[in-house]
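Raw contents of run_38.cif, mmCIF, C-alpha atoms:
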```
data_upload
loop_
_atom_site.label_atom_id
_atom_site.label_comp_id
_atom_site.auth_asym_id
_atom_site.auth_seq_id
_atom_site.Cartn_x
_atom_site.Cartn_y
_atom_site.Cartn_z
CA MET A 271 76.36 -50.72 -40.88
CA GLU A 272 74.88 -47.57 -40.22
CA MET A 273 71.33 -46.82 -40.86
CA SER A 274 70.05 -43.54 -41.68
CA TYR A 275 66.61 -42.49 -42.28
CA ALA A 276 65.89 -39.33 -44.09
CA PHE A 277 62.68 -37.45 -43.46
CA PRO A 278 61.11 -36.21 -46.54
CA ALA A 279 61.09 -32.47 -46.80
CA ALA A 280 57.81 -30.69 -46.38
CA ASN A 281 57.94 -29.68 -49.91
CA GLY A 282 58.41 -33.30 -50.75
CA MET A 283 54.77 -34.10 -49.88
CA ASN A 284 52.76 -35.22 -52.68
CA HIS A 285 50.02 -33.08 -53.99
CA GLN A 286 47.19 -35.32 -52.85
CA THR A 287 48.38 -35.31 -49.23
CA LYS A 288 48.50 -31.51 -49.24
CA GLN A 289 44.97 -31.36 -50.54
CA HIS A 290 43.80 -33.73 -47.84
CA LEU A 291 45.49 -31.66 -45.15
CA ILE A 292 43.99 -28.43 -46.48
CA ILE A 293 40.54 -30.02 -46.68
CA LEU A 294 40.91 -31.40 -43.13
CA GLY A 295 42.10 -28.00 -41.90
CA LEU A 296 39.17 -26.25 -43.57
CA ALA A 297 36.75 -28.86 -42.22
CA ALA A 298 38.20 -28.38 -38.73
CA LEU A 299 37.76 -24.59 -39.05
CA ILE A 300 34.19 -25.00 -40.30
CA ILE A 301 33.40 -27.41 -37.46
CA LEU A 302 35.04 -25.05 -34.93
CA GLY A 303 33.07 -22.09 -36.37
CA GLY A 304 29.85 -24.11 -36.20
CA TYR A 305 30.64 -25.12 -32.63
CA ILE A 306 31.30 -21.48 -31.63
CA PHE A 307 28.09 -20.37 -33.37
CA MET A 308 26.06 -23.09 -31.64
CA LEU A 309 27.65 -22.19 -28.29
CA GLN A 310 26.75 -18.52 -28.75
CA GLU A 311 23.18 -19.40 -29.74
CA THR A 312 22.87 -21.73 -26.75
CA LEU A 313 24.15 -19.03 -24.40
CA ARG A 314 21.75 -16.51 -25.95
CA HIS A 315 18.85 -18.92 -25.44
CA VAL A 316 19.97 -19.66 -21.88
CA GLY A 317 19.91 -15.91 -21.21
CA GLN A 318 16.41 -15.64 -22.68
CA VAL A 319 15.26 -18.61 -20.60
CA ALA A 320 16.75 -17.00 -17.47
CA GLU A 321 14.92 -13.72 -18.23
CA PHE A 322 11.69 -15.62 -18.85
CA ALA A 323 12.14 -17.58 -15.60
CA GLN A 324 12.71 -14.31 -13.68
CA SER A 325 9.62 -12.79 -15.32
CA LEU A 326 7.65 -15.90 -14.43
CA ARG A 327 8.81 -15.69 -10.79
CA GLU A 328 7.77 -12.01 -10.66
CA LYS A 329 4.36 -12.80 -12.17
CA ARG A 330 3.89 -15.65 -9.70
CA ALA A 331 4.80 -13.34 -6.79
CA GLN A 332 2.33 -10.73 -8.08
CA SER A 333 -0.33 -13.39 -8.43
CA GLU A 334 0.30 -14.68 -4.90
CA THR A 335 0.13 -11.11 -3.56
CA LEU A 336 -3.14 -10.53 -5.41
CA VAL A 337 -4.61 -13.76 -4.05
CA SER A 338 -3.42 -12.77 -0.57
CA VAL A 339 -5.04 -9.34 -0.88
CA LYS A 340 -8.27 -10.92 -2.12
CA HIS A 341 -8.28 -13.24 0.91
CA LEU A 342 -7.54 -10.27 3.17
CA ILE A 343 -10.49 -8.37 1.71
CA VAL A 344 -12.79 -11.33 2.30
CA ASP A 345 -11.38 -12.06 5.76
CA THR A 346 -11.70 -8.45 6.96
CA ALA A 347 -15.15 -7.70 5.51
CA GLY A 348 -16.81 -7.87 8.95
CA ALA A 349 -14.16 -5.73 10.61
CA ARG A 350 -14.33 -3.14 7.82
CA ALA A 351 -18.12 -3.04 8.07
CA GLU A 352 -17.80 -2.49 11.83
CA LEU A 353 -15.17 0.19 11.25
CA ASP A 354 -17.57 2.05 8.95
CA HIS A 355 -19.86 2.59 11.94
CA TYR A 356 -17.19 4.74 13.59
CA PHE A 357 -17.56 7.37 10.87
CA ILE A 358 -20.65 9.41 10.24
CA THR A 359 -21.97 9.68 6.72
CA THR A 360 -22.70 12.93 4.94
CA GLU A 361 -26.39 12.14 5.35
CA GLY A 362 -25.82 11.35 9.04
CA VAL A 363 -24.43 14.75 10.10
CA VAL A 364 -27.83 16.03 11.25
CA ASP A 365 -28.51 12.78 13.13
CA PHE A 366 -25.10 13.08 14.81
CA ILE A 367 -25.79 16.65 15.95
CA GLU A 368 -29.25 15.62 17.17
CA ARG A 369 -27.63 12.79 19.12
CA ILE A 370 -25.38 15.31 20.90
CA GLU A 371 -28.44 17.47 21.60
CA LYS A 372 -30.28 14.47 23.11
CA ILE A 373 -27.31 13.70 25.36
CA ALA A 374 -27.27 17.33 26.52
CA LYS A 375 -31.01 17.32 27.22
CA ALA A 376 -30.84 13.98 29.07
CA ASP A 377 -27.89 15.24 31.11
CA GLY A 378 -29.57 18.52 32.07
CA VAL A 379 -27.24 20.96 30.31
CA THR A 380 -28.10 23.82 27.98
CA LEU A 381 -26.34 23.29 24.66
CA VAL A 382 -25.50 25.98 22.08
CA PHE A 383 -23.67 25.14 18.85
CA THR A 384 -21.42 27.97 17.72
CA THR A 385 -19.81 26.27 14.72
CA VAL A 386 -20.76 23.43 12.42
CA ASP A 387 -18.31 23.32 9.54
CA ALA A 388 -16.79 20.91 7.05
CA PRO A 389 -13.44 22.58 6.29
CA LYS A 390 -12.12 21.96 2.81
CA GLU A 391 -8.50 20.92 3.01
CA GLU A 392 -6.16 18.32 1.63
CA LYS A 393 -7.50 14.94 2.64
CA VAL A 394 -5.38 12.29 4.29
CA ILE A 395 -7.85 9.65 3.10
CA ALA A 396 -9.76 10.44 -0.09
CA SER A 397 -13.09 9.08 1.16
CA LEU A 398 -13.11 11.02 4.46
CA ASP A 399 -14.00 14.62 5.28
CA ARG A 400 -13.74 16.40 8.58
CA LEU A 401 -16.69 17.82 10.44
CA LEU A 402 -15.77 20.56 12.91
CA LEU A 403 -18.18 21.21 15.80
CA ARG A 404 -17.85 23.93 18.42
CA PHE A 405 -20.41 24.21 21.17
CA SER A 406 -20.92 25.34 24.71
CA ALA A 407 -22.77 23.55 27.50
CA THR A 408 -24.09 25.24 30.61
CA GLY A 409 -25.14 23.48 33.81
CA SER A 410 -23.78 22.17 37.07
CA TRP A 411 -20.16 21.05 37.24
CA GLU A 412 -21.25 17.44 37.43
CA HIS A 413 -23.64 17.68 34.47
CA VAL A 414 -21.21 19.58 32.22
CA MET A 415 -18.41 17.12 32.99
CA ARG A 416 -20.65 14.09 32.41
CA PHE A 417 -21.92 15.60 29.14
CA PHE A 418 -18.38 16.23 27.87
CA THR A 419 -17.35 12.71 28.88
CA LEU A 420 -20.33 11.19 27.04
CA VAL A 421 -19.67 13.24 23.89
CA GLU A 422 -16.00 12.30 23.99
CA SER A 423 -16.97 8.62 24.36
CA LEU A 424 -19.35 8.49 21.40
CA PRO A 425 -18.67 5.43 19.24
CA TYR A 426 -17.36 7.51 16.34
CA ALA A 427 -14.01 8.81 15.21
CA VAL A 428 -14.34 11.82 17.54
CA PHE A 429 -11.32 13.91 18.46
CA VAL A 430 -11.55 16.62 21.08
CA THR A 431 -9.28 19.45 19.98
CA ASN A 432 -10.20 22.01 22.63
CA THR A 433 -12.04 22.02 25.95
CA ARG A 434 -12.61 24.82 28.44
CA ILE A 435 -14.79 24.96 31.56
CA GLU A 436 -15.41 28.13 33.54
CA ARG A 437 -17.52 28.96 36.57
CA GLN A 438 -20.34 31.35 35.75
CA SER A 439 -21.77 31.48 39.29
CA PRO A 440 -21.38 29.35 42.43
CA LEU A 441 -23.60 26.59 41.00
CA LEU A 442 -23.42 27.27 37.24
CA TRP A 443 -20.59 26.25 34.95
CA GLN A 444 -20.10 26.80 31.24
CA GLY A 445 -17.92 24.57 29.15
CA ALA A 446 -16.81 24.94 25.55
CA MET A 447 -15.65 22.06 23.40
CA THR A 448 -14.30 21.74 19.88
CA LEU A 449 -14.71 18.35 18.19
CA THR A 450 -13.37 17.00 14.96
CA VAL A 451 -15.42 14.12 13.60
CA TYR A 452 -14.57 12.20 10.44
CA LYS A 453 -17.28 11.44 7.97
CA HIS A 454 -17.56 9.37 4.81
CA ILE A 455 -18.21 11.32 1.65
#
```
Represent the structure of the file as structure tokens.
Amino acid sequence: MEMSYAFPAANGMNHQTKQHLIILGLAALIILGGYIFMLQETLRHVGQVAEFAQSLREKRAQSETLVSVKHLIVDTAGARAELDHYFITTEGVVDFIERIEKIAKADGVTLVFTTVDAPKEEKVIASLDRLLLRFSATGSWEHVMRFFTLVESLPYAVFVTNTRIERQSPLLWQGAMTLTVYKHI
């Protein structure tokens, strides 16, 4: 006896089964579409969260830098105040020149200023101006040299840009010096 089983043809499905399959297929597509939509939304939100986290890290770094700078300002207040003493003020120009004159008098040299100028030029530091001084000092070799050394050693931002010493007579020497001094404005 031979058994045979015949598969029903696809078109032999009943109408209710077809409807169920179509409904299940549509439901699967709707679920798949919803899943894809939710996945895209989740990825979009993850991207926004990543951007926000990066922004937060940048803000934190800026805040830490600001706090560090504030601490640096507090920690260096004494050093900055001391540094200010190395620059003459606009009001202190006359006092500075008088100080050079006192050094010359105490050292026994005759002092003549030939130039006192504040050249207007592009500033390296906005709060500083230059003061240009040219002068000559006459006296013995020893006195002229000591005077120039004392002027050069003043506790200010003094830069000697030119120096010349010539013998005027066997015991008399004349020296010329050009100084650049920085001053607060």
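Candidate residues A:Ala388, A:Leu449, A:Val364, A:Leu353 were compared for distance to A:Arg404, and the nearest is A:Leu449, using all atoms listed in the file.
Coordinates place atom CA of A:Ser410 at a distance of 21.9 Å from atom CA of A:Ile367.
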Next on the checklist: Report as number ranges by chain all protein, DNA and RNA residues lying within 8 Å of A:Phe417, evaluated on all atoms listed in the file, omitting residues in the same chain fewer than 4 positions from it.
Outcome noted: A: 373-374, 377, 379, 413, 421
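For A:Phe429, the residues within 7 Å (counting only C-alpha atoms, excluding itself and residues fewer than 2 positions away along the chain) are Ala427, Thr431, Leu449, Thr450 and Val451 of chain A.
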Checklist outcome for this item: For A:Tyr452, the closest of A:Val414, A:Ala407, A:Val363, A:Val319 counting all atoms listed in the file is A:Val363
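With distances restricted to all atoms listed in the file, A:Leu424 is the closest residue to A:His355 from A:Leu424, A:Met415, A:Leu442, A:Met283.
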Item to check | Best match for closeness to A:Val382 among A:Thr359, A:Gln444, A:Thr433, A:Gln324, counting only C-alpha atoms | outcome: A:Gln444
Incomplete stretch 369-391 of chain A filled out to N, CA and C atoms as a PDB file, keeping the file's coordinate frame:
```pdb
ATOM      1  N   ARG A 369     -28.037  13.715  18.063  1.00  0.00           N
ATOM      2  CA  ARG A 369     -27.630  12.790  19.120  1.00  0.00           C
ATOM      3  C   ARG A 369     -26.930  13.543  20.248  1.00  0.00           C
ATOM      4  N   ILE A 370     -26.060  14.493  19.895  1.00  0.00           N
ATOM      5  CA  ILE A 370     -25.380  15.310  20.900  1.00  0.00           C
ATOM      6  C   ILE A 370     -26.415  16.144  21.669  1.00  0.00           C
ATOM      7  N   GLU A 371     -27.383  16.680  20.944  1.00  0.00           N
ATOM      8  CA  GLU A 371     -28.440  17.470  21.600  1.00  0.00           C
ATOM      9  C   GLU A 371     -29.244  16.621  22.584  1.00  0.00           C
ATOM     10  N   LYS A 372     -29.538  15.374  22.217  1.00  0.00           N
ATOM     11  CA  LYS A 372     -30.280  14.470  23.110  1.00  0.00           C
ATOM     12  C   LYS A 372     -29.472  14.156  24.369  1.00  0.00           C
ATOM     13  N   ILE A 373     -28.173  13.964  24.200  1.00  0.00           N
ATOM     14  CA  ILE A 373     -27.310  13.700  25.360  1.00  0.00           C
ATOM     15  C   ILE A 373     -27.342  14.909  26.292  1.00  0.00           C
ATOM     16  N   ALA A 374     -27.250  16.109  25.711  1.00  0.00           N
ATOM     17  CA  ALA A 374     -27.270  17.330  26.520  1.00  0.00           C
ATOM     18  C   ALA A 374     -28.589  17.446  27.282  1.00  0.00           C
ATOM     19  N   LYS A 375     -29.696  17.207  26.587  1.00  0.00           N
ATOM     20  CA  LYS A 375     -31.010  17.320  27.220  1.00  0.00           C
ATOM     21  C   LYS A 375     -31.150  16.288  28.341  1.00  0.00           C
ATOM     22  N   ALA A 376     -30.733  15.047  28.068  1.00  0.00           N
ATOM     23  CA  ALA A 376     -30.840  13.980  29.070  1.00  0.00           C
ATOM     24  C   ALA A 376     -29.932  14.256  30.268  1.00  0.00           C
ATOM     25  N   ASP A 377     -28.846  14.970  30.037  1.00  0.00           N
ATOM     26  CA  ASP A 377     -27.890  15.240  31.110  1.00  0.00           C
ATOM     27  C   ASP A 377     -28.189  16.549  31.843  1.00  0.00           C
ATOM     28  N   GLY A 378     -29.169  17.300  31.381  1.00  0.00           N
ATOM     29  CA  GLY A 378     -29.570  18.520  32.070  1.00  0.00           C
ATOM     30  C   GLY A 378     -28.675  19.712  31.815  1.00  0.00           C
ATOM     31  N   VAL A 379     -28.052  19.786  30.640  1.00  0.00           N
ATOM     32  CA  VAL A 379     -27.240  20.960  30.310  1.00  0.00           C
ATOM     33  C   VAL A 379     -27.889  21.700  29.141  1.00  0.00           C
ATOM     34  N   THR A 380     -27.634  23.007  29.092  1.00  0.00           N
ATOM     35  CA  THR A 380     -28.100  23.820  27.980  1.00  0.00           C
ATOM     36  C   THR A 380     -26.991  23.829  26.934  1.00  0.00           C
ATOM     37  N   LEU A 381     -27.335  23.450  25.717  1.00  0.00           N
ATOM     38  CA  LEU A 381     -26.340  23.290  24.660  1.00  0.00           C
ATOM     39  C   LEU A 381     -26.551  24.346  23.596  1.00  0.00           C
ATOM     40  N   VAL A 382     -25.461  24.990  23.164  1.00  0.00           N
ATOM     41  CA  VAL A 382     -25.500  25.980  22.080  1.00  0.00           C
ATOM     42  C   VAL A 382     -24.352  25.656  21.125  1.00  0.00           C
ATOM     43  N   PHE A 383     -24.692  25.367  19.871  1.00  0.00           N
ATOM     44  CA  PHE A 383     -23.670  25.140  18.850  1.00  0.00           C
ATOM     45  C   PHE A 383     -23.239  26.499  18.317  1.00  0.00           C
ATOM     46  N   THR A 384     -21.937  26.719  18.271  1.00  0.00           N
ATOM     47  CA  THR A 384     -21.420  27.970  17.720  1.00  0.00           C
ATOM     48  C   THR A 384     -20.818  27.778  16.333  1.00  0.00           C
ATOM     49  N   THR A 385     -20.380  26.563  16.037  1.00  0.00           N
ATOM     50  CA  THR A 385     -19.810  26.270  14.720  1.00  0.00           C
ATOM     51  C   THR A 385     -20.142  24.851  14.316  1.00  0.00           C
ATOM     52  N   VAL A 386     -20.619  24.720  13.081  1.00  0.00           N
ATOM     53  CA  VAL A 386     -20.760  23.430  12.420  1.00  0.00           C
ATOM     54  C   VAL A 386     -20.178  23.641  11.036  1.00  0.00           C
ATOM     55  N   ASP A 387     -19.030  23.024  10.777  1.00  0.00           N
ATOM     56  CA  ASP A 387     -18.310  23.320   9.540  1.00  0.00           C
ATOM     57  C   ASP A 387     -17.650  22.050   9.008  1.00  0.00           C
ATOM     58  N   ALA A 388     -17.537  21.992   7.707  1.00  0.00           N
ATOM     59  CA  ALA A 388     -16.790  20.910   7.050  1.00  0.00           C
ATOM     60  C   ALA A 388     -15.657  21.578   6.274  1.00  0.00           C
ATOM     61  N   PRO A 389     -14.526  21.855   6.958  1.00  0.00           N
ATOM     62  CA  PRO A 389     -13.440  22.580   6.290  1.00  0.00           C
ATOM     63  C   PRO A 389     -12.903  21.817   5.094  1.00  0.00           C
ATOM     64  N   LYS A 390     -12.693  22.549   4.023  1.00  0.00           N
ATOM     65  CA  LYS A 390     -12.120  21.960   2.810  1.00  0.00           C
ATOM     66  C   LYS A 390     -10.611  22.083   2.889  1.00  0.00           C
ATOM     67  N   GLU A 391      -9.952  20.957   2.925  1.00  0.00           N
ATOM     68  CA  GLU A 391      -8.500  20.920   3.010  1.00  0.00           C
ATOM     69  C   GLU A 391      -8.016  19.658   2.336  1.00  0.00           C
TER      70      GLU A 391
END
```
